[in-house]
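File shown: structure29.cif (mmCIF, C-alpha atoms).
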data_query
loop_
_atom_site.label_atom_id
_atom_site.label_comp_id
_atom_site.auth_asym_id
_atom_site.auth_seq_id
_atom_site.Cartn_x
_atom_site.Cartn_y
_atom_site.Cartn_z
CA MET A 255 -0.14 -74.34 -49.35
CA ARG A 256 -2.57 -74.69 -46.44
CA VAL A 257 -3.30 -71.66 -44.23
CA ALA A 258 -5.26 -72.11 -41.00
CA ILE A 259 -6.91 -69.22 -39.16
CA PRO A 260 -8.11 -70.21 -35.67
CA LEU A 261 -11.29 -68.59 -34.43
CA TYR A 262 -12.43 -68.03 -30.85
CA PRO A 263 -15.32 -66.04 -29.36
CA GLY A 264 -14.59 -62.32 -29.39
CA PHE A 265 -12.03 -62.26 -32.21
CA THR A 266 -11.84 -59.07 -34.29
CA ALA A 267 -13.29 -59.77 -37.72
CA LEU A 268 -10.84 -57.70 -39.78
CA ASP A 269 -7.89 -59.40 -38.07
CA ALA A 270 -9.03 -62.62 -39.73
CA VAL A 271 -10.84 -61.42 -42.86
CA GLY A 272 -8.19 -58.94 -44.04
CA PRO A 273 -5.39 -61.53 -44.29
CA TYR A 274 -7.91 -64.14 -45.48
CA THR A 275 -8.81 -61.95 -48.45
CA VAL A 276 -5.16 -61.42 -49.38
CA LEU A 277 -4.23 -65.10 -49.20
CA ALA A 278 -7.48 -66.58 -50.55
CA PHE A 279 -7.07 -64.44 -53.69
CA THR A 280 -3.93 -66.41 -54.54
CA PRO A 281 -4.14 -69.60 -56.64
CA GLY A 282 -2.60 -72.58 -54.89
CA ILE A 283 -3.29 -71.29 -51.38
CA SER A 284 -6.23 -72.69 -49.43
CA VAL A 285 -7.40 -70.90 -46.30
CA THR A 286 -9.41 -72.73 -43.64
CA PHE A 287 -11.04 -71.28 -40.55
CA VAL A 288 -10.56 -73.70 -37.65
CA ALA A 289 -11.81 -73.91 -34.07
CA GLY A 290 -12.28 -76.41 -31.29
CA ASP A 291 -15.58 -77.39 -32.90
CA THR A 292 -16.95 -76.65 -36.35
CA GLY A 293 -19.70 -74.07 -36.73
CA PRO A 294 -20.19 -70.31 -36.39
CA VAL A 295 -17.93 -68.29 -34.08
CA LEU A 296 -19.06 -64.81 -33.02
CA ASP A 297 -16.76 -61.82 -33.37
CA ASP A 298 -16.07 -59.11 -30.79
CA GLN A 299 -19.24 -57.19 -31.69
CA GLY A 300 -21.47 -60.20 -31.19
CA SER A 301 -23.21 -59.53 -34.51
CA LEU A 302 -20.96 -61.22 -37.06
CA SER A 303 -19.93 -64.84 -37.16
CA ILE A 304 -17.52 -66.79 -39.32
CA ILE A 305 -17.98 -70.51 -39.77
CA ALA A 306 -15.13 -72.75 -38.71
CA THR A 307 -15.18 -75.56 -41.26
CA ALA A 308 -12.55 -77.74 -39.58
CA THR A 309 -11.48 -78.56 -36.05
CA TYR A 310 -7.96 -78.32 -34.66
CA ASP A 311 -7.72 -82.11 -34.82
CA GLU A 312 -8.70 -82.12 -38.48
CA LEU A 313 -5.98 -79.68 -39.47
CA PRO A 314 -3.07 -80.24 -37.05
CA ASP A 315 -0.24 -79.42 -39.45
CA PRO A 316 -0.99 -76.41 -41.68
CA ASP A 317 1.81 -74.74 -43.59
CA VAL A 318 0.84 -71.35 -42.17
CA ILE A 319 -1.09 -70.39 -39.07
CA LEU A 320 -2.52 -66.90 -38.71
CA VAL A 321 -3.87 -66.03 -35.28
CA PRO A 322 -6.27 -63.06 -35.08
CA GLY A 323 -6.64 -60.86 -32.04
CA GLY A 324 -9.53 -59.13 -30.37
CA PRO A 325 -11.06 -58.59 -26.92
CA GLY A 326 -11.70 -62.32 -26.73
CA THR A 327 -7.96 -62.95 -26.55
CA VAL A 328 -8.04 -62.68 -22.75
CA GLU A 329 -10.43 -65.63 -22.45
CA ALA A 330 -8.72 -67.47 -25.30
CA LEU A 331 -5.48 -67.55 -23.31
CA ASN A 332 -7.27 -70.08 -21.08
CA ASP A 333 -8.37 -72.21 -24.04
CA ALA A 334 -5.99 -75.15 -23.65
CA ARG A 335 -7.02 -76.75 -26.95
CA LEU A 336 -6.29 -73.57 -28.91
CA VAL A 337 -2.98 -72.84 -27.19
CA GLU A 338 -1.78 -76.42 -27.58
CA TRP A 339 -2.81 -76.46 -31.24
CA ILE A 340 -0.76 -73.31 -31.86
CA ARG A 341 2.23 -74.76 -30.00
CA THR A 342 2.09 -78.09 -31.83
CA ALA A 343 1.30 -76.71 -35.29
CA HIS A 344 4.22 -74.29 -35.00
CA GLN A 345 6.64 -77.22 -34.94
CA THR A 346 5.95 -77.97 -38.61
CA THR A 347 4.75 -74.64 -40.04
CA THR A 348 6.56 -72.72 -42.71
CA TRP A 349 5.23 -69.50 -41.16
CA THR A 350 3.56 -68.76 -37.83
CA THR A 351 1.82 -65.38 -37.76
CA SER A 352 -0.52 -63.21 -35.74
CA VAL A 353 -2.46 -59.98 -35.99
CA CYS A 354 -3.05 -57.52 -33.16
CA SER A 355 -3.43 -59.22 -29.76
CA GLY A 356 -3.14 -62.61 -31.43
CA SER A 357 0.55 -62.22 -30.60
CA PHE A 358 -0.32 -62.85 -26.94
CA LEU A 359 -1.62 -66.27 -27.93
CA LEU A 360 1.66 -66.99 -29.71
CA ALA A 361 3.53 -65.80 -26.63
CA HIS A 362 1.37 -67.86 -24.28
CA ALA A 363 2.19 -70.89 -26.40
CA GLY A 364 5.87 -70.15 -25.75
CA LEU A 365 6.68 -69.03 -29.28
CA LEU A 366 7.83 -65.44 -28.66
CA LYS A 367 10.26 -65.89 -25.78
CA GLY A 368 13.18 -63.55 -26.43
CA LEU A 369 11.85 -62.60 -29.87
CA PRO A 370 10.96 -59.12 -31.13
CA ALA A 371 7.23 -58.83 -31.74
CA THR A 372 4.46 -56.31 -32.12
CA THR A 373 0.76 -55.99 -31.33
CA HIS A 374 -1.91 -53.30 -31.02
CA TRP A 375 -0.41 -50.06 -29.68
CA GLY A 376 -2.73 -50.09 -26.67
CA PHE A 377 -1.23 -53.34 -25.37
CA HIS A 378 2.25 -53.08 -26.78
CA ASP A 379 4.17 -52.83 -23.53
CA GLN A 380 2.39 -55.87 -22.09
CA LEU A 381 4.21 -58.15 -24.53
CA ALA A 382 7.31 -57.95 -22.36
CA GLY A 383 5.44 -59.69 -19.56
CA PHE A 384 4.94 -62.64 -21.89
CA GLY A 385 8.65 -62.92 -22.66
CA ALA A 386 8.66 -61.09 -25.98
CA ILE A 387 10.62 -57.96 -26.92
CA PRO A 388 8.07 -55.26 -27.87
CA VAL A 389 8.88 -53.48 -31.13
CA ALA A 390 6.87 -50.46 -32.27
CA GLU A 391 6.58 -51.47 -35.92
CA ARG A 392 3.64 -52.37 -38.11
CA VAL A 393 5.01 -55.78 -39.09
CA VAL A 394 7.84 -57.66 -37.36
CA THR A 395 9.50 -60.78 -38.79
CA GLU A 396 11.87 -62.95 -36.79
CA GLY A 397 12.73 -66.31 -38.29
CA LYS A 398 9.47 -67.89 -39.36
CA VAL A 399 7.39 -65.87 -36.88
CA VAL A 400 5.59 -62.77 -38.16
CA THR A 401 3.54 -60.46 -35.95
CA ALA A 402 1.41 -57.53 -37.06
CA ALA A 403 0.23 -54.50 -35.11
CA GLY A 404 -3.43 -53.61 -34.71
CA VAL A 405 -6.26 -54.83 -36.95
CA SER A 406 -5.62 -53.21 -40.36
CA ALA A 407 -1.90 -54.05 -40.11
CA GLY A 408 -2.93 -57.64 -40.80
CA ILE A 409 -3.45 -56.76 -44.46
CA ASP A 410 0.07 -55.37 -44.70
CA MET A 411 1.44 -58.45 -42.96
CA ALA A 412 -0.43 -60.79 -45.29
CA LEU A 413 0.93 -59.01 -48.36
CA GLU A 414 4.48 -59.25 -47.01
CA LEU A 415 3.87 -62.90 -46.21
CA LEU A 416 2.52 -63.56 -49.70
CA ALA A 417 5.65 -62.04 -51.22
CA ARG A 418 7.65 -64.61 -49.26
CA LEU A 419 5.30 -67.50 -49.99
CA ARG A 420 5.22 -66.72 -53.72
CA ASP A 421 7.00 -63.62 -54.99
CA GLU A 422 6.68 -59.85 -54.89
CA ASP A 423 4.93 -59.64 -58.28
CA THR A 424 2.19 -61.96 -57.02
CA ALA A 425 1.75 -59.88 -53.88
CA ARG A 426 1.60 -56.71 -55.95
CA ALA A 427 -1.04 -58.25 -58.24
CA VAL A 428 -3.18 -59.26 -55.27
CA GLN A 429 -2.83 -55.80 -53.75
CA LEU A 430 -4.03 -54.29 -57.01
CA ALA A 431 -6.87 -56.81 -57.34
CA MET A 432 -8.03 -55.73 -53.88
CA GLU A 433 -7.45 -52.08 -54.78
CA TYR A 434 -5.65 -51.78 -51.47
CA ASP A 435 -4.37 -48.22 -51.75
CA PRO A 436 -5.06 -46.65 -48.35
CA ALA A 437 -5.80 -42.94 -48.30
CA PRO A 438 -7.53 -42.35 -44.95
CA PRO A 439 -9.31 -39.05 -44.41
CA PHE A 440 -7.47 -38.44 -41.14
CA THR A 441 -3.91 -38.81 -39.89
CA SER A 442 -4.94 -40.33 -36.56
CA GLY A 443 -4.38 -43.96 -37.51
CA SER A 444 -1.13 -44.11 -35.56
CA ALA A 445 -0.91 -43.60 -31.81
CA ALA A 446 2.26 -41.60 -32.46
CA ASN A 447 0.16 -38.94 -34.20
CA ALA A 448 -2.74 -38.93 -31.75
CA SER A 449 -3.36 -36.76 -28.71
CA PRO A 450 -3.66 -38.37 -25.26
CA GLU A 451 -7.37 -37.58 -25.32
CA LEU A 452 -7.86 -39.34 -28.65
CA ARG A 453 -5.87 -42.36 -27.52
CA LYS A 454 -8.01 -42.59 -24.38
CA ARG A 455 -11.19 -42.40 -26.44
CA ALA A 456 -9.92 -45.06 -28.85
CA MET A 457 -9.04 -47.41 -26.00
CA GLY A 458 -12.52 -46.87 -24.59
CA LEU A 459 -13.93 -48.20 -27.85
CA ILE A 460 -11.71 -51.27 -27.58
CA VAL A 461 -12.44 -52.17 -23.97
CA GLY A 462 -16.08 -51.07 -24.10
CA VAL A 463 -16.09 -48.18 -21.65
#
Please, can you express the file's structure as structure tokens?
Amino acid sequence: MRVAIPLYPGFTALDAVGPYTVLAFTPGISVTFVAGDTGPVLDDQGSLSIIATATYDELPDPDVILVPGGPGTVEALNDARLVEWIRTAHQTTTWTTSVCSGSFLLAHAGLLKGLPATTHWGFHDQLAGFGAIPVAERVVTEGKVVTAAGVSAGIDMALELLARLRDEDTARAVQLAMEYDPAPPFTSGSAANASPELRKRAMGLIVGV
């Protein structure tokens, strides 16, 4: 089972690394970071890079694609090689997935037209402009397309995906191996529980203002 995670400048590290950790833990699943060219790709903070070890041409037909999001998504929408790779790879994937604003790349490739999908709460309503049906849920599955909400939701999505790729017991074992048992110190992890002031401050962190 081959999983490909495409990287582009300005991706959010946890969008890629969270699901990577879940899936790479599992025997029989290989995870490859891909890009237009091999080599390091900087994240949205400009201080962390992940090495793409294969190009899109070298891995054109993975079983699963997992597209991360991040501030760099806006520029990535104009990356014809990336968008075409997503569109073409989707034709033969078992699962096509995204985390956070990675769903906009799926949509731009024409994969979410008329489908329910989710993304980061701050950009949720914008999905409709790309032909998708915005759904305020942490993970949304429609056919073989799975979208996750913001950043940390990618771990939840990957565990749900693993249960489908293998079985629930395997997903539970990986969750335990990771000791993924969230108990955050605050209840502000959902926009539904946050004040307008806190939401504004959080968005400022995202867009850099």
Within 7 Å of region 284-289 of chain A, counting all atoms listed in the file, which residues qualify if same-chain residues fewer than 5 places away don't, as a CSV table (one decimal) with C-alpha atoms, in the coordinates of the input?
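Saved as result_34.csv:
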chain,number,residue,atom,x,y,z
A,255,MET,CA,-0.1,-74.3,-49.4
A,256,ARG,CA,-2.6,-74.7,-46.4
A,257,VAL,CA,-3.3,-71.7,-44.2
A,258,ALA,CA,-5.3,-72.1,-41.0
A,259,ILE,CA,-6.9,-69.2,-39.2
A,260,PRO,CA,-8.1,-70.2,-35.7
A,261,LEU,CA,-11.3,-68.6,-34.4
A,262,TYR,CA,-12.4,-68.0,-30.8
A,274,TYR,CA,-7.9,-64.1,-45.5
A,278,ALA,CA,-7.5,-66.6,-50.6
A,306,ALA,CA,-15.1,-72.8,-38.7
A,307,THR,CA,-15.2,-75.6,-41.3
A,308,ALA,CA,-12.6,-77.7,-39.6
A,309,THR,CA,-11.5,-78.6,-36.0
A,310,TYR,CA,-8.0,-78.3,-34.7
Task: Nearest-residue call for Asp298 (chain A), choices A:Leu452, A:Val318, A:Ala270, A:Leu416, using all atoms listed in the file - done: A:Ala270
Open item on the list: So the first atom is CA of Gln429 (chain A) and the second is CA of Gly324 (chain A); what is the distance between them in Å, to one decimal place?
Closed with: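 Distance between the two atoms: 24.5 Å.
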Open item on the list: Could you check the closest approach to Pro325 (chain A) for each of A:Met432, A:Cys354, A:Leu365, A:Ala386 and tell me which residue wins, using only C-alpha atoms?
Closed with: A:Cys354
Task: Result set of the PyMOL selection byres ((chain A and resi 360) around 10) on the coordinates above, as a PyMOL selection string - done: chain A and resi 320-321+331+337+340-341+344+350-352+355-359+361-367+384+386+399+401
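With only C-alpha atoms as the atoms that count, the residue of A:Val353, A:Ala403, A:Val328, A:Ile409 with the shortest distance to Val461 (chain A) is A:Val328.
In this model, the gap between CA of Leu336 (chain A) and CA of Thr372 (chain A) comes to 20.6 Å.
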Open item on the list: List as a list in words the protein and nucleic acid residues near Leu419 (chain A), meaning an atom at most 12 Å away when only C-alpha atoms are counted, but skip any in the same chain fewer than 6 places from it.
Closed with: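 Using only C-alpha atoms, the neighbours found are Met255, Arg256, Val257, Leu277, Thr280, Pro281, Gly282, Ile283, Asp317, Val318, Thr348, Trp349, Lys398, Ala412, Leu413 and Ala425 of chain A.
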Task: Separation of CA of Leu381 (chain A) from CA of Ala446 (chain A) in Å - done: 18.5 Å
- [ ] Could you tell me which of A:Arg426, A:Arg335, A:Arg453, A:Arg418 comes closest to Thr395 (chain A) if we count all atoms listed in the file?
- [x] A:Arg418
Evaluating the PyMOL selection byres ((chain A and resi 266) around 7) on the displayed file yields which residues, as an mmCIF file with C-alpha atoms, keeping the file's coordinate frame?
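File out-v1.cif, as written:
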data_model
loop_
_atom_site.group_PDB
_atom_site.id
_atom_site.type_symbol
_atom_site.label_atom_id
_atom_site.label_comp_id
_atom_site.auth_asym_id
_atom_site.auth_seq_id
_atom_site.Cartn_x
_atom_site.Cartn_y
_atom_site.Cartn_z
ATOM 1 C CA GLY A 264 -14.590 -62.320 -29.390
ATOM 2 C CA PHE A 265 -12.030 -62.260 -32.210
ATOM 3 C CA ALA A 267 -13.290 -59.770 -37.720
ATOM 4 C CA LEU A 268 -10.840 -57.700 -39.780
ATOM 5 C CA ASP A 269 -7.890 -59.400 -38.070
ATOM 6 C CA ASP A 297 -16.760 -61.820 -33.370
ATOM 7 C CA ASP A 298 -16.070 -59.110 -30.790
ATOM 8 C CA PRO A 322 -6.270 -63.060 -35.080
ATOM 9 C CA GLY A 323 -6.640 -60.860 -32.040
ATOM 10 C CA GLY A 324 -9.530 -59.130 -30.370
#
Task: Residue among A:Gly404, A:Gly443, A:Gly290, A:Gly458 lying closest to Ile305 (chain A), counting all atoms listed in the file - done: A:Gly290
Missing atoms in region 274-285 of chain A: fill them in up to N, CA and C atoms and send the result as a PDB file, in the frame of the given file.
ATOM      1  N   TYR A 274      -7.207 -63.102 -44.710  1.00  0.00           N
ATOM      2  CA  TYR A 274      -7.910 -64.140 -45.480  1.00  0.00           C
ATOM      3  C   TYR A 274      -8.104 -63.683 -46.925  1.00  0.00           C
ATOM      4  N   THR A 275      -8.555 -62.455 -47.111  1.00  0.00           N
ATOM      5  CA  THR A 275      -8.810 -61.950 -48.450  1.00  0.00           C
ATOM      6  C   THR A 275      -7.533 -61.918 -49.279  1.00  0.00           C
ATOM      7  N   VAL A 276      -6.446 -61.462 -48.664  1.00  0.00           N
ATOM      8  CA  VAL A 276      -5.160 -61.420 -49.380  1.00  0.00           C
ATOM      9  C   VAL A 276      -4.747 -62.820 -49.826  1.00  0.00           C
ATOM     10  N   LEU A 277      -4.766 -63.769 -48.915  1.00  0.00           N
ATOM     11  CA  LEU A 277      -4.230 -65.100 -49.200  1.00  0.00           C
ATOM     12  C   LEU A 277      -5.197 -65.936 -50.040  1.00  0.00           C
ATOM     13  N   ALA A 278      -6.502 -65.796 -49.798  1.00  0.00           N
ATOM     14  CA  ALA A 278      -7.480 -66.580 -50.550  1.00  0.00           C
ATOM     15  C   ALA A 278      -7.549 -66.149 -52.006  1.00  0.00           C
ATOM     16  N   PHE A 279      -7.119 -64.940 -52.314  1.00  0.00           N
ATOM     17  CA  PHE A 279      -7.070 -64.440 -53.690  1.00  0.00           C
ATOM     18  C   PHE A 279      -6.048 -65.214 -54.524  1.00  0.00           C
ATOM     19  N   THR A 280      -5.098 -65.862 -53.864  1.00  0.00           N
ATOM     20  CA  THR A 280      -3.930 -66.410 -54.540  1.00  0.00           C
ATOM     21  C   THR A 280      -4.140 -67.870 -54.936  1.00  0.00           C
ATOM     22  N   PRO A 281      -4.020 -68.195 -56.217  1.00  0.00           N
ATOM     23  CA  PRO A 281      -4.140 -69.600 -56.640  1.00  0.00           C
ATOM     24  C   PRO A 281      -3.096 -70.461 -55.929  1.00  0.00           C
ATOM     25  N   GLY A 282      -3.523 -71.653 -55.536  1.00  0.00           N
ATOM     26  CA  GLY A 282      -2.600 -72.580 -54.890  1.00  0.00           C
ATOM     27  C   GLY A 282      -2.540 -72.446 -53.390  1.00  0.00           C
ATOM     28  N   ILE A 283      -3.247 -71.463 -52.829  1.00  0.00           N
ATOM     29  CA  ILE A 283      -3.290 -71.290 -51.380  1.00  0.00           C
ATOM     30  C   ILE A 283      -4.728 -71.518 -50.919  1.00  0.00           C
ATOM     31  N   SER A 284      -4.904 -72.448 -50.009  1.00  0.00           N
ATOM     32  CA  SER A 284      -6.230 -72.690 -49.430  1.00  0.00           C
ATOM     33  C   SER A 284      -6.229 -72.179 -47.996  1.00  0.00           C
ATOM     34  N   VAL A 285      -7.285 -71.474 -47.640  1.00  0.00           N
ATOM     35  CA  VAL A 285      -7.400 -70.900 -46.300  1.00  0.00           C
ATOM     36  C   VAL A 285      -8.596 -71.546 -45.599  1.00  0.00           C
TER      37      VAL A 285
END
